Structure formats: structure tokens, C-alpha cells
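J.: Dropping in work15.tsv, which is TSV, C-alpha atoms:
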chain	number	residue	atom	x	y	z
A	18	MET	CA	30.60	-111.58	10.38
A	19	ALA	CA	32.04	-112.15	6.92
A	20	LYS	CA	30.24	-114.58	4.65
A	21	VAL	CA	32.66	-117.37	3.76
A	22	LYS	CA	32.22	-119.94	1.01
A	23	ILE	CA	34.71	-122.60	0.02
A	24	TYR	CA	34.71	-124.51	-3.28
A	25	SER	CA	36.52	-127.78	-2.78
A	26	LEU	CA	37.22	-131.33	-3.88
A	27	PRO	CA	37.37	-134.19	-1.39
A	28	THR	CA	40.70	-135.31	-2.90
A	29	CYS	CA	42.44	-131.95	-2.66
A	30	PRO	CA	44.89	-131.65	0.25
A	31	TYR	CA	44.89	-127.85	0.27
A	32	CYS	CA	41.08	-127.77	0.53
A	33	HIS	CA	41.40	-129.92	3.60
A	34	LYS	CA	44.05	-127.56	5.01
A	35	ALA	CA	41.97	-124.48	4.26
A	36	LYS	CA	38.94	-125.96	6.05
A	37	ALA	CA	41.05	-127.02	9.03
A	38	PHE	CA	42.42	-123.48	9.18
A	39	LEU	CA	38.93	-121.92	9.21
A	40	ASP	CA	37.77	-124.48	11.79
A	41	ALA	CA	40.70	-123.61	14.04
A	42	TYR	CA	39.47	-120.00	14.11
A	43	ASN	CA	35.83	-121.03	14.50
A	44	ILE	CA	34.92	-119.40	11.20
A	45	GLY	CA	31.69	-120.79	9.79
A	46	TYR	CA	31.58	-121.42	6.03
A	47	GLU	CA	29.44	-122.85	3.28
A	48	GLU	CA	31.11	-125.68	1.41
A	49	VAL	CA	30.58	-126.48	-2.27
A	50	ASN	CA	31.91	-129.87	-3.33
A	51	VAL	CA	32.56	-129.31	-7.03
A	52	ALA	CA	33.02	-133.05	-7.69
A	53	THR	CA	29.30	-133.61	-7.12
A	54	ASP	CA	27.86	-130.14	-7.60
A	55	LYS	CA	28.16	-129.38	-11.35
A	56	GLU	CA	26.45	-126.00	-11.04
A	57	GLY	CA	28.81	-125.14	-8.22
A	58	MET	CA	31.75	-126.06	-10.45
A	59	GLU	CA	30.49	-123.84	-13.30
A	60	GLU	CA	29.92	-120.99	-10.86
A	61	MET	CA	33.44	-121.37	-9.49
A	62	MET	CA	35.00	-121.51	-12.97
A	63	SER	CA	33.16	-118.39	-14.10
A	64	LYS	CA	34.24	-116.52	-10.96
A	65	THR	CA	37.93	-117.45	-11.23
A	66	GLY	CA	38.43	-118.44	-14.85
A	67	GLN	CA	40.34	-121.41	-13.48
A	68	MET	CA	39.95	-125.12	-12.78
A	69	SER	CA	41.67	-125.16	-9.46
A	70	VAL	CA	40.60	-125.61	-5.86
A	71	PRO	CA	40.34	-124.51	-3.16
A	72	VAL	CA	38.58	-121.28	-3.99
A	73	ILE	CA	37.67	-119.27	-0.93
A	74	GLU	CA	35.14	-116.50	-1.18
A	75	ILE	CA	35.07	-113.99	1.64
A	76	ASP	CA	32.17	-111.58	1.12
A	77	ASP	CA	32.83	-110.51	-2.48
A	78	GLN	CA	36.55	-111.24	-2.52
A	79	VAL	CA	37.73	-114.39	-4.27
A	80	ILE	CA	40.96	-116.17	-3.30
A	81	VAL	CA	42.31	-119.00	-5.46
A	82	GLY	CA	44.41	-121.50	-3.49
A	83	PHE	CA	45.01	-121.80	0.22
A	84	ASP	CA	46.56	-118.38	0.69
A	85	ARG	CA	46.75	-118.27	4.47
A	86	LYS	CA	48.02	-114.68	4.54
A	87	LYS	CA	45.24	-113.34	2.32
A	88	ILE	CA	42.56	-115.23	4.24
A	89	SER	CA	43.87	-113.93	7.58
A	90	GLU	CA	43.99	-110.41	6.21
A	91	LEU	CA	40.42	-110.46	4.88
A	92	LEU	CA	39.02	-112.05	8.04
A	93	GLY	CA	41.13	-109.84	10.30
A	94	LEU	CA	42.78	-112.82	12.00
A	95	ALA	CA	45.94	-112.37	13.98
A	96	GLU	CA	48.16	-115.33	13.20
B	24	MET	CA	62.76	-108.03	7.88
B	25	ASN	CA	65.29	-108.64	10.56
B	26	GLN	CA	68.81	-107.52	9.78
B	27	GLU	CA	70.13	-107.66	13.33
B	28	LYS	CA	69.40	-111.16	14.49
B	29	ILE	CA	71.77	-114.01	13.67
B	30	TYR	CA	70.18	-117.44	13.84
B	31	ASP	CA	72.15	-120.58	14.58
B	32	LEU	CA	70.36	-122.35	11.77
B	33	ILE	CA	67.91	-121.58	8.99
B	34	ILE	CA	66.10	-124.48	7.36
B	35	ALA	CA	64.68	-123.91	3.89
B	36	GLY	CA	61.76	-126.23	3.18
B	37	ALA	CA	59.27	-128.05	5.40
B	38	GLY	CA	58.67	-131.41	3.81
B	39	PRO	CA	59.69	-134.57	5.70
B	40	ALA	CA	63.40	-133.65	5.50
B	41	GLY	CA	62.97	-130.05	6.67
B	42	ILE	CA	60.52	-130.96	9.44
B	43	SER	CA	62.72	-133.74	10.75
B	44	ALA	CA	65.72	-131.38	10.69
B	45	ALA	CA	63.69	-128.72	12.54
B	46	ILE	CA	62.63	-131.14	15.28
B	47	TYR	CA	66.16	-132.44	15.79
B	48	ALA	CA	67.61	-128.91	15.80
B	49	ALA	CA	64.96	-127.65	18.24
B	50	ARG	CA	65.72	-130.52	20.59
B	51	LYS	CA	69.41	-129.55	20.48
B	52	GLY	CA	68.39	-126.08	21.61
B	53	LEU	CA	69.45	-124.31	18.42
B	54	ASP	CA	68.01	-120.89	17.70
B	55	LEU	CA	66.39	-121.63	14.37
B	56	LEU	CA	64.06	-120.38	11.70
B	57	VAL	CA	62.20	-122.31	9.01
B	58	VAL	CA	61.39	-120.62	5.69
B	59	THR	CA	59.17	-122.49	3.26
B	60	GLY	CA	56.49	-122.34	0.59
B	61	ASP	CA	54.25	-124.82	2.37
B	62	ILE	CA	54.33	-127.45	5.07
B	63	GLY	CA	54.41	-131.11	4.09
B	64	GLY	CA	55.85	-130.66	0.60
B	65	GLN	CA	55.31	-133.55	-1.79
B	66	THR	CA	53.71	-135.59	1.00
B	67	ASN	CA	50.62	-133.39	0.58
B	68	TRP	CA	49.82	-134.84	-2.81
B	69	THR	CA	51.07	-138.37	-2.30
B	70	GLY	CA	48.33	-140.99	-2.38
B	71	ASP	CA	48.41	-143.73	0.24
B	72	VAL	CA	51.61	-144.23	2.19
B	73	GLU	CA	52.17	-147.79	3.39
B	74	ASN	CA	55.90	-147.73	4.13
B	75	TYR	CA	56.36	-145.04	6.76
B	76	MET	CA	57.11	-146.56	10.14
B	77	GLY	CA	54.37	-146.40	12.73
B	78	PHE	CA	51.54	-146.16	10.20
B	79	GLN	CA	50.43	-149.31	8.42
B	80	MET	CA	48.50	-147.12	6.02
B	81	ILE	CA	48.05	-143.36	5.98
B	82	SER	CA	47.16	-140.92	3.21
B	83	GLY	CA	49.87	-138.46	2.22
B	84	ALA	CA	47.65	-135.53	3.22
B	85	GLU	CA	47.08	-137.00	6.69
B	86	LEU	CA	50.76	-137.70	7.15
B	87	ALA	CA	51.52	-134.10	6.14
B	88	ASP	CA	49.05	-132.94	8.83
B	89	LYS	CA	50.76	-135.11	11.41
B	90	LEU	CA	54.18	-133.77	10.44
B	91	GLU	CA	52.86	-130.22	10.78
B	92	GLU	CA	51.28	-130.98	14.15
B	93	HIS	CA	54.53	-132.51	15.37
B	94	VAL	CA	56.81	-129.64	14.31
B	95	LYS	CA	54.38	-127.06	15.73
B	96	LYS	CA	54.70	-128.68	19.19
B	97	TYR	CA	58.06	-126.95	19.30
B	98	ASN	CA	58.29	-123.23	19.49
B	99	ILE	CA	59.98	-122.85	16.11
B	100	PRO	CA	59.26	-119.77	14.02
B	101	ILE	CA	58.04	-120.98	10.64
B	102	LYS	CA	57.68	-118.49	7.78
B	103	GLU	CA	55.16	-120.06	5.43
B	104	GLN	CA	54.56	-118.78	1.89
B	105	GLU	CA	58.15	-117.58	1.98
B	106	PRO	CA	60.19	-119.78	-0.35
B	107	LEU	CA	63.93	-119.34	-0.65
B	108	VAL	CA	65.09	-116.92	-3.35
B	109	GLU	CA	68.78	-116.51	-2.70
B	110	LEU	CA	71.49	-118.04	-0.54
B	111	LYS	CA	74.71	-116.08	-0.05
B	112	SER	CA	77.82	-116.91	1.90
B	113	GLU	CA	79.66	-113.92	3.37
B	114	GLY	CA	82.63	-114.78	5.53
B	115	ARG	CA	81.28	-116.99	8.28
B	116	LEU	CA	77.72	-115.85	7.88
B	117	LEU	CA	75.03	-117.01	5.49
B	118	THR	CA	72.35	-114.73	4.14
B	119	VAL	CA	69.02	-116.23	3.21
B	120	LYS	CA	66.68	-114.17	1.08
B	121	THR	CA	63.07	-115.30	0.73
B	122	THR	CA	60.09	-113.77	-1.03
B	123	GLY	CA	59.29	-112.07	2.29
B	124	GLY	CA	62.55	-111.06	3.94
B	125	VAL	CA	66.28	-111.36	4.46
B	126	TYR	CA	67.67	-113.43	7.33
B	127	THR	CA	71.16	-114.23	8.58
B	128	ALA	CA	72.43	-117.46	10.10
B	129	ARG	CA	75.60	-119.33	10.96
B	130	SER	CA	74.36	-122.47	9.21
B	131	VAL	CA	71.70	-123.43	6.68
B	132	ILE	CA	69.96	-126.66	5.70
B	133	ILE	CA	68.49	-126.78	2.21
B	134	ALA	CA	65.52	-129.17	2.16
B	135	THR	CA	63.51	-127.65	-0.66
B	136	GLY	CA	62.53	-130.94	-2.27
B	137	LYS	CA	61.27	-131.44	-5.79
B	138	THR	CA	58.37	-130.32	-7.95
B	139	TYR	CA	56.80	-131.54	-11.14
B	140	THR	CA	58.92	-131.24	-14.25
B	141	LYS	CA	57.33	-129.02	-16.87
B	142	LEU	CA	57.00	-129.85	-20.54
B	143	GLY	CA	58.48	-126.51	-21.51
B	144	VAL	CA	56.19	-126.00	-24.51
B	145	PRO	CA	54.21	-122.92	-25.59
B	146	GLY	CA	50.88	-122.65	-23.79
B	147	GLU	CA	51.94	-124.61	-20.71
B	148	GLU	CA	52.40	-121.60	-18.42
B	149	GLU	CA	49.48	-119.69	-19.88
B	150	PHE	CA	46.99	-122.52	-19.32
B	151	GLN	CA	48.13	-123.62	-15.88
B	152	ARG	CA	45.03	-124.27	-13.75
B	153	ARG	CA	43.01	-123.71	-16.94
B	154	GLY	CA	43.52	-127.16	-18.41
B	155	VAL	CA	47.16	-127.88	-17.67
B	156	ALA	CA	47.52	-129.93	-14.49
B	157	TYR	CA	50.28	-131.77	-12.67
B	158	CYS	CA	48.28	-133.72	-10.08
B	159	ALA	CA	45.56	-136.14	-11.16
B	160	THR	CA	44.56	-136.89	-7.57
B	161	CYS	CA	43.81	-133.19	-7.05
B	162	ASP	CA	42.33	-132.12	-10.37
B	163	ALA	CA	40.81	-135.17	-12.12
B	164	PRO	CA	37.16	-134.40	-11.16
B	165	PHE	CA	37.24	-131.23	-13.30
B	166	TYR	CA	37.55	-133.41	-16.39
B	167	ALA	CA	34.54	-135.69	-15.95
B	168	GLY	CA	33.09	-136.49	-19.39
B	169	LYS	CA	35.90	-134.66	-21.18
B	170	ILE	CA	38.93	-135.55	-23.29
B	171	VAL	CA	42.37	-135.42	-21.74
B	172	ALA	CA	45.98	-136.15	-22.61
B	173	VAL	CA	48.56	-137.47	-20.17
B	174	ALA	CA	52.19	-136.69	-21.01
B	175	GLY	CA	54.58	-139.40	-19.88
B	176	GLY	CA	55.08	-143.14	-19.94
B	177	GLY	CA	56.16	-144.11	-16.43
B	178	ASN	CA	54.25	-145.27	-13.38
B	179	SER	CA	53.00	-141.78	-12.55
B	180	ALA	CA	51.64	-141.23	-16.05
B	181	PHE	CA	49.84	-144.58	-16.00
B	182	GLU	CA	48.50	-143.96	-12.50
B	183	TYR	CA	47.13	-140.63	-13.74
B	184	ALA	CA	45.61	-142.37	-16.76
B	185	GLN	CA	44.07	-144.98	-14.51
B	186	GLN	CA	42.32	-142.32	-12.46
B	187	LEU	CA	41.28	-140.30	-15.50
B	188	MET	CA	39.98	-143.13	-17.70
B	189	LYS	CA	37.27	-143.86	-15.14
B	190	ILE	CA	35.67	-140.45	-15.54
B	191	THR	CA	36.74	-139.02	-18.91
B	192	ARG	CA	35.35	-139.69	-22.37
B	193	LYS	CA	38.83	-140.34	-23.74
B	194	THR	CA	42.36	-140.37	-22.36
B	195	TYR	CA	45.41	-140.15	-24.62
B	196	ILE	CA	48.81	-141.12	-23.27
B	197	ILE	CA	51.56	-139.25	-25.10
B	198	ASN	CA	54.80	-141.09	-24.47
B	199	LEU	CA	58.14	-139.84	-25.74
B	200	ALA	CA	59.88	-143.23	-25.59
B	201	GLU	CA	59.24	-146.19	-27.89
B	202	GLU	CA	57.63	-148.18	-25.08
B	203	PRO	CA	56.16	-147.15	-21.74
B	204	THR	CA	58.27	-147.85	-18.67
B	205	ALA	CA	55.33	-148.24	-16.27
B	206	ASP	CA	54.91	-151.56	-14.41
B	207	GLN	CA	53.36	-154.21	-16.66
B	208	ILE	CA	50.40	-154.79	-14.34
B	209	LEU	CA	49.53	-151.10	-14.47
B	210	GLN	CA	49.96	-150.95	-18.25
B	211	ASP	CA	47.65	-153.96	-18.72
B	212	ARG	CA	44.98	-152.36	-16.57
B	213	VAL	CA	45.12	-149.01	-18.38
B	214	LEU	CA	45.64	-150.16	-21.95
B	215	GLY	CA	42.80	-152.66	-21.61
B	216	ALA	CA	40.34	-149.78	-21.28
B	217	GLU	CA	38.40	-148.86	-24.43
B	218	ASN	CA	38.71	-145.12	-23.93
B	219	VAL	CA	42.51	-145.05	-23.63
B	220	GLU	CA	44.83	-144.48	-26.58
B	221	LEU	CA	48.59	-144.81	-26.20
B	222	MET	CA	50.79	-142.83	-28.58
B	223	ASN	CA	54.42	-143.94	-28.29
B	224	SER	CA	57.43	-142.03	-29.71
B	225	SER	CA	55.33	-138.88	-29.53
B	226	MET	CA	55.57	-135.51	-27.90
B	227	ILE	CA	53.35	-132.53	-27.20
B	228	THR	CA	54.81	-129.46	-28.89
B	229	GLU	CA	52.13	-126.87	-28.10
B	230	ILE	CA	49.06	-126.39	-25.92
B	231	ILE	CA	46.31	-124.33	-27.47
B	232	GLY	CA	43.13	-122.80	-26.07
B	233	ASP	CA	41.01	-119.75	-25.40
B	234	ARG	CA	39.88	-119.33	-21.78
B	235	PHE	CA	40.64	-123.01	-21.25
B	236	VAL	CA	42.68	-125.64	-23.09
B	237	ARG	CA	41.09	-126.75	-26.36
B	238	GLY	CA	43.77	-128.89	-27.95
B	239	ILE	CA	47.38	-129.93	-28.35
B	240	LYS	CA	49.85	-130.29	-31.18
B	241	VAL	CA	51.62	-133.64	-31.18
B	242	ARG	CA	54.66	-134.63	-33.22
B	243	SER	CA	56.75	-137.78	-33.49
B	244	ALA	CA	59.67	-137.94	-31.05
B	245	SER	CA	62.05	-136.81	-33.81
B	246	GLY	CA	60.20	-133.50	-33.95
B	247	ASP	CA	59.52	-133.83	-37.67
B	248	PRO	CA	57.02	-131.05	-38.58
B	249	ALA	CA	55.40	-133.29	-41.21
B	250	SER	CA	54.31	-135.67	-38.42
B	251	GLU	CA	52.31	-132.95	-36.61
B	252	ARG	CA	48.75	-133.77	-35.58
B	253	TYR	CA	46.21	-131.68	-33.76
B	254	LEU	CA	44.24	-133.41	-31.01
B	255	GLU	CA	41.19	-131.87	-29.41
B	256	VAL	CA	41.58	-132.12	-25.64
B	257	ASP	CA	40.19	-130.25	-22.64
B	258	GLY	CA	43.05	-131.05	-20.32
B	259	VAL	CA	46.72	-131.98	-20.27
B	260	PHE	CA	48.15	-133.84	-17.28
B	261	VAL	CA	51.92	-133.68	-17.14
B	262	ALA	CA	53.66	-136.66	-15.51
B	263	ILE	CA	57.21	-136.61	-16.82
B	264	GLY	CA	59.08	-136.71	-13.54
B	265	LEU	CA	60.31	-134.35	-10.87
B	266	THR	CA	62.85	-131.55	-10.83
B	267	PRO	CA	64.85	-130.47	-7.76
B	268	ASN	CA	63.93	-127.05	-6.40
B	269	THR	CA	67.28	-125.35	-6.76
B	270	SER	CA	66.25	-122.38	-8.86
B	271	PHE	CA	67.17	-120.01	-6.03
B	272	THR	CA	70.50	-118.27	-6.55
B	273	ASN	CA	73.33	-120.15	-4.93
B	274	GLY	CA	76.84	-121.42	-5.47
B	275	LEU	CA	76.03	-125.03	-4.69
B	276	GLU	CA	77.55	-127.92	-6.61
B	277	LYS	CA	74.98	-130.11	-8.32
B	278	ASN	CA	75.01	-133.35	-10.29
B	279	GLU	CA	73.78	-133.80	-13.86
B	280	ASN	CA	70.18	-134.05	-12.60
B	281	GLY	CA	70.41	-130.71	-10.83
B	282	GLU	CA	70.51	-132.36	-7.40
B	283	ILE	CA	72.72	-130.83	-4.70
B	284	ILE	CA	75.77	-132.98	-4.05
B	285	VAL	CA	76.17	-133.89	-0.36
B	286	ASP	CA	78.61	-136.08	1.54
B	287	ASN	CA	77.55	-138.67	4.11
B	288	CYS	CA	77.18	-135.91	6.74
B	289	ASN	CA	74.92	-133.86	4.43
B	290	ARG	CA	77.62	-131.25	3.87
B	291	THR	CA	77.57	-129.31	0.58
B	292	ASN	CA	80.53	-127.56	-1.03
B	293	ILE	CA	79.76	-124.37	0.97
B	294	PRO	CA	80.93	-124.43	4.61
B	295	GLY	CA	77.95	-124.26	6.96
B	296	VAL	CA	75.46	-125.18	4.25
B	297	PHE	CA	73.90	-128.63	4.51
B	298	ALA	CA	71.24	-130.24	2.35
B	299	ALA	CA	68.76	-133.06	2.90
B	300	GLY	CA	66.04	-135.04	1.20
B	301	ASP	CA	64.86	-135.15	-2.40
B	302	VAL	CA	66.75	-132.01	-3.41
B	303	THR	CA	70.05	-133.87	-2.87
B	304	ASP	CA	71.86	-136.55	-4.85
B	305	ILE	CA	71.13	-139.34	-2.35
B	306	PRO	CA	69.57	-142.45	-3.93
B	307	HIS	CA	66.05	-143.68	-3.09
B	308	LYS	CA	63.66	-140.75	-2.80
B	309	GLN	CA	61.39	-141.94	-0.02
B	310	ILE	CA	59.60	-140.17	2.83
B	311	VAL	CA	61.41	-142.26	5.43
B	312	VAL	CA	64.77	-141.60	3.76
B	313	ALA	CA	64.08	-137.85	3.60
B	314	ALA	CA	63.17	-137.80	7.29
B	315	GLY	CA	66.37	-139.68	8.16
B	316	GLU	CA	68.46	-137.34	6.03
B	317	GLY	CA	66.86	-134.32	7.72
B	318	ALA	CA	67.83	-135.68	11.12
B	319	LYS	CA	71.40	-136.30	9.92
B	320	ALA	CA	71.68	-132.80	8.48
B	321	ALA	CA	70.49	-131.21	11.75
B	322	LEU	CA	72.97	-133.23	13.81
B	323	SER	CA	75.77	-132.37	11.37
B	324	ALA	CA	74.83	-128.67	11.55
B	325	TYR	CA	74.84	-128.91	15.35
B	326	LEU	CA	78.37	-130.37	15.31
B	327	TYR	CA	79.51	-127.75	12.81
B	328	LEU	CA	78.13	-124.96	15.05
B	329	SER	CA	79.81	-126.32	18.14
B	330	ARG	CA	83.18	-126.34	16.34
B	331	ASN	CA	82.97	-123.02	14.53
When written as C-alpha cells, how does the structure in this file appear?
T.:
Amino acid sequence: MAKVKIYSLPTCPYCHKAKAFLDAYNIGYEEVNVATDKEGMEEMMSKTGQMSVPVIEIDDQVIVGFDRKKISELLGLAE
Amino acid sequence: MNQEKIYDLIIAGAGPAGISAAIYAARKGLDLLVVTGDIGGQTNWTGDVENYMGFQMISGAELADKLEEHVKKYNIPIKEQEPLVELKSEGRLLTVKTTGGVYTARSVIIATGKTYTKLGVPGEEEFQRRGVAYCATCDAPFYAGKIVAVAGGGNSAFEYAQQLMKITRKTYIINLAEEPTADQILQDRVLGAENVELMNSSMITEIIGDRFVRGIKVRSASGDPASERYLEVDGVFVAIGLTPNTSFTNGLEKNENGEIIVDNCNRTNIPGVFAAGDVTDIPHKQIVVAAGEGAKAALSAYLYLSRN
């Protein structure tokens, strides 16, 4: 099983979509709410060099934005 | 890639107009394809919606989900992350090129909507998602305790400022006009805050930074170099309006705002090509209007197909 982590903001519609997408495939993930978790925010910014969510980490691969195709590819999902 | 198949209808865009068109077309039994960047369009980043029938109050994101759920009830192929690149008319057939393929159809509905207008200054592209933002609802929390500038003077700009002033150390509003055009009640609320500074008749001429934005150059609206000031900011929120998404190659007639000109049956100047929603020159850009226009465009396309 791939280790999945999602950096998100409660106000971000694409974070919501990304989580709903993972839920639909029963993929478990760790969620970091960067609005309340300052360390999480720093960690995310150093990994991506960007201030933009969602960031989805699948094992050691980092995806910025809800890139459904990339996520499916890395998780081996047939859409 | 599918060079062989000829669709009855291709719909470009899946905001309220495109989705409504898709549902109407599917119910008419048309063989259709939807190509789009995302599903929901501008609805995704709209705050609360209180004027869409059937919902007394619903967030834009939730409404976008409901639209997606609804359209996916029908067995319509939807190519997401495939925005339109080129539309070509060849005889009676229309060729639609996206970032992912080339498709052919007998009719097309353009419902590509609008996106945020850019400032068009040096540094804006370079620092996107690294300090330059277009959606306060989405990105404001990154700027807690920081200094930001909002470009604009209308309701959107003041709504952005209202969200930002609650969490930032300082919020500048850089307004090109002599006076803001935002509703008075909103202006009073924002300009009453101690950490907000309004700069009228001013414009951002450059965004500067290293890994992230560090500051902006601001000049008077005349552009006079002698008026240039440097302001230290960590973020720039751009709220200067919306631009129709018509950058794909096409031969469509547009008005002075770049909106596609349609008649009351959503026909454009190209036979078989219809357009609907915010990308067109219809007045009143509303979700309910876009949905209605999408339905009209689909029914007009259906009639066109049955006669041609």
C-alpha cells in the first residue's frame, strides 16, 4: 500500500475534491490542515516551493494541485 | 486520439453552462463528448450561493459537487484536464483539438467560462502560487501575520481585503481608479480597519521576490516613473475582474470585451458552433443564467442537427 499524505486547507475546493476522490477509491491518507498546523505548512512549502494546496504526497512523489491523472497513475487506479 | 468517430456534439467546458448543456443533450439522445479543464468551473471558488433555485443557501464548492454528481448520472464521456486548444471548421464537420487529443463533431458548444484577469506585469507569472494569488477564499490562510496587497477596487477586491485584514499584519488595496467602486457598506467595513491602507489612482508595475514574493513596485495611475514606490509585501491578491476563456484558436466573432457574440438561440458566426454562459456576450453573469443558456444551446444544437 502506498503511503498517502494530503496537505490541505478547509476552504480549498480542490482539496475537498482530492479527498473525495481518494475516499471513493478507499485510499487511506494522512491529512495535514495547513491553516492550523504551522509546521505542516512550512514542511509543505519547503517540499514544493509553493504556497498552494492541495499537495498530495504518494510515497516520495509530490503532486501540487488535484491532478487526477497523476494520482491515478501513481496509485495504479483504473479510472 | 480518435480520428474515426464523429460525435453529434462536443461541449467544451463543464461549468454550469456546459453541464446543463450536457444533461439536455444526453436526454435528447445525442452522441456527445465533453472536454474540459475541470468540472464546476467558477462555481468551485464561489463563496455562498443564495440565488440558485432549489437551494436556499449552498456553498459554491458543494453546488459544483452536485452539478458533477448530476451530470455523471448520465453515461456521458467527460475528458477532464483536457481544455480546448483549437476549434476548426472544415466543411460540415468541426474539429476540436484539446491538450489530450483531436475529436470531430457535427456541432460544438463553447462553454469555457471566464478566469481571473491578470495584471500583466513582470513577476506575476514567475511568482504564481509563490505569493501571487487570485482567490482569497482559497489562499488567504498562507498569509497569516504577513503583509499583503490587493489589486483592484471593486466588490471582489474589497471582499478579498475583508478576508485578509482579519489575519494579516497589513493589507494594502492598490486601486487604479480615483475612487473604489465597491459597495459602500463593504468599503466602510474594510476601510474602518486599522491595518488596511487604500491607495487610489495607483498601480502595481512589478512584483519582486526570491523564492517567494518580497515586494511590489507601485506607481501613480499615470505611470510616472518619479511616483514609483517600493512596498514590502509577502503576497499579492489580484482582483481586477474576469476574462473570457477564448484563447483557443478559433474564428469566432467577439465583442470588445472578448466575449463570443451569440444570438438568442446561442448561435455564433460559425454554422454548427454554439456558445453559452459567461464566455458569451449575454448580460448578467449568474449561475442560474449560465445553466439556462446551456440548456438553450443544447436544444438549439439538437434542432440544428436534425435539420443538417
J.: Taking 2 positions as the minimum chain separation for residues in the same chain, which residues sit within 9 Å of region 60-71 of chain A when counting only C-alpha atoms? Answer as a ChimeraX atom specification.
T.: /A:23-26,29,31-33,35,51,55-58,73,79-83 /B:150-154,161-162,165,234-235
J.: Which residue is closest to chain B? Choose from A:Ala95, A:Ile44, A:Ile75, A:Ala37 and count all atoms listed in the file.
T.: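 Among the listed residues, the smallest separation from chain B belongs to A:Ala37.
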J.: Report, in Å with one decimal, the straight-line distance from CA of Gly281 (chain B) to CA of Asn268 (chain B).
T.: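 It comes out at 8.7 Å.
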J.: Skip Tyr157 (chain B) itself and residues of its chain fewer than 3 positions away, then list as an NGL selection string all residues within 12 Å of it, counting all atoms listed in the file.
T.: (:A and (69)) or (:B and (68 or 138-142 or 147-148 or 150-154 or 160-163 or 172-175 or 179-180 or 183 or 258-265))
J.: Write to file, as a PDB file, in the coordinates of the input, the residues of the selection just made, with C-alpha atoms.
T.:
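The resulting file, part02.pdb, is reproduced below:
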ATOM      1  CA  SER A  69      41.670-125.160  -9.460  1.00  0.00           C
TER       2      SER A  69
ATOM      3  CA  TRP B  68      49.820-134.840  -2.810  1.00  0.00           C
ATOM      4  CA  THR B 138      58.370-130.320  -7.950  1.00  0.00           C
ATOM      5  CA  TYR B 139      56.800-131.540 -11.140  1.00  0.00           C
ATOM      6  CA  THR B 140      58.920-131.240 -14.250  1.00  0.00           C
ATOM      7  CA  LYS B 141      57.330-129.020 -16.870  1.00  0.00           C
ATOM      8  CA  LEU B 142      57.000-129.850 -20.540  1.00  0.00           C
ATOM      9  CA  GLU B 147      51.940-124.610 -20.710  1.00  0.00           C
ATOM     10  CA  GLU B 148      52.400-121.600 -18.420  1.00  0.00           C
ATOM     11  CA  PHE B 150      46.990-122.520 -19.320  1.00  0.00           C
ATOM     12  CA  GLN B 151      48.130-123.620 -15.880  1.00  0.00           C
ATOM     13  CA  ARG B 152      45.030-124.270 -13.750  1.00  0.00           C
ATOM     14  CA  ARG B 153      43.010-123.710 -16.940  1.00  0.00           C
ATOM     15  CA  GLY B 154      43.520-127.160 -18.410  1.00  0.00           C
ATOM     16  CA  THR B 160      44.560-136.890  -7.570  1.00  0.00           C
ATOM     17  CA  CYS B 161      43.810-133.190  -7.050  1.00  0.00           C
ATOM     18  CA  ASP B 162      42.330-132.120 -10.370  1.00  0.00           C
ATOM     19  CA  ALA B 163      40.810-135.170 -12.120  1.00  0.00           C
ATOM     20  CA  ALA B 172      45.980-136.150 -22.610  1.00  0.00           C
ATOM     21  CA  VAL B 173      48.560-137.470 -20.170  1.00  0.00           C
ATOM     22  CA  ALA B 174      52.190-136.690 -21.010  1.00  0.00           C
ATOM     23  CA  GLY B 175      54.580-139.400 -19.880  1.00  0.00           C
ATOM     24  CA  SER B 179      53.000-141.780 -12.550  1.00  0.00           C
ATOM     25  CA  ALA B 180      51.640-141.230 -16.050  1.00  0.00           C
ATOM     26  CA  TYR B 183      47.130-140.630 -13.740  1.00  0.00           C
ATOM     27  CA  GLY B 258      43.050-131.050 -20.320  1.00  0.00           C
ATOM     28  CA  VAL B 259      46.720-131.980 -20.270  1.00  0.00           C
ATOM     29  CA  PHE B 260      48.150-133.840 -17.280  1.00  0.00           C
ATOM     30  CA  VAL B 261      51.920-133.680 -17.140  1.00  0.00           C
ATOM     31  CA  ALA B 262      53.660-136.660 -15.510  1.00  0.00           C
ATOM     32  CA  ILE B 263      57.210-136.610 -16.820  1.00  0.00           C
ATOM     33  CA  GLY B 264      59.080-136.710 -13.540  1.00  0.00           C
ATOM     34  CA  LEU B 265      60.310-134.350 -10.870  1.00  0.00           C
TER      35      LEU B 265
END
J.: Just the number, please: distance in Å from CA of Ala134 (chain B) to CA of Glu182 (chain B), one decimal.
T.: 26.9 Å
J.: Find the distance between CA of Lys34 (chain A) and CA of Lys89 (chain B) and write it in Å to one decimal.
T.: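 For CA of Lys34 (chain A) relative to CA of Lys89 (chain B), the distance reads 12.0 Å.
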J.: Write out as a ChimeraX atom specification the residues lying within 7 Å of Asp76 (chain A), counting only C-alpha atoms and excluding same-chain residues fewer than 4 positions away.
T.: /A:19-21
J.: Near region 71-82 of chain B, counting all atoms listed in the file, which residues have an atom at most 7 Å away, once you skip same-chain residues fewer than 3 positions from it, shown as a list in words?
T.: Glu85, Leu86 and Val311 of chain B
J.: Could you give me region 18-29 of chain A completed to N, CA and C atoms, formatted as a short mmCIF file (atom, residue, chain, number, x, y, z; two decimals), in the coordinates of the input?
T.:
data_model
loop_
_atom_site.label_atom_id
_atom_site.label_comp_id
_atom_site.auth_asym_id
_atom_site.auth_seq_id
_atom_site.Cartn_x
_atom_site.Cartn_y
_atom_site.Cartn_z
N MET A 18 29.94 -110.34 10.79
CA MET A 18 30.60 -111.58 10.38
C MET A 18 30.70 -111.67 8.86
N ALA A 19 31.86 -111.98 8.37
CA ALA A 19 32.04 -112.15 6.92
C ALA A 19 31.36 -113.43 6.46
N LYS A 20 30.85 -113.39 5.23
CA LYS A 20 30.24 -114.58 4.65
C LYS A 20 31.35 -115.35 3.92
N VAL A 21 31.55 -116.59 4.33
CA VAL A 21 32.66 -117.37 3.76
C VAL A 21 32.12 -118.60 3.03
N LYS A 22 32.63 -118.79 1.82
CA LYS A 22 32.22 -119.94 1.01
C LYS A 22 33.49 -120.60 0.48
N ILE A 23 33.52 -121.92 0.53
CA ILE A 23 34.71 -122.60 0.02
C ILE A 23 34.31 -123.65 -1.02
N TYR A 24 34.90 -123.53 -2.21
CA TYR A 24 34.71 -124.51 -3.28
C TYR A 24 35.85 -125.51 -3.14
N SER A 25 35.48 -126.79 -3.07
CA SER A 25 36.52 -127.78 -2.78
C SER A 25 36.30 -129.09 -3.51
N LEU A 26 37.32 -129.95 -3.43
CA LEU A 26 37.22 -131.33 -3.88
C LEU A 26 37.65 -132.20 -2.70
N PRO A 27 36.99 -133.34 -2.53
CA PRO A 27 37.37 -134.19 -1.39
C PRO A 27 38.81 -134.70 -1.48
N THR A 28 39.35 -134.75 -2.71
CA THR A 28 40.70 -135.31 -2.90
C THR A 28 41.81 -134.27 -2.80
N CYS A 29 41.45 -133.02 -2.58
CA CYS A 29 42.44 -131.95 -2.66
C CYS A 29 43.01 -131.62 -1.28
#
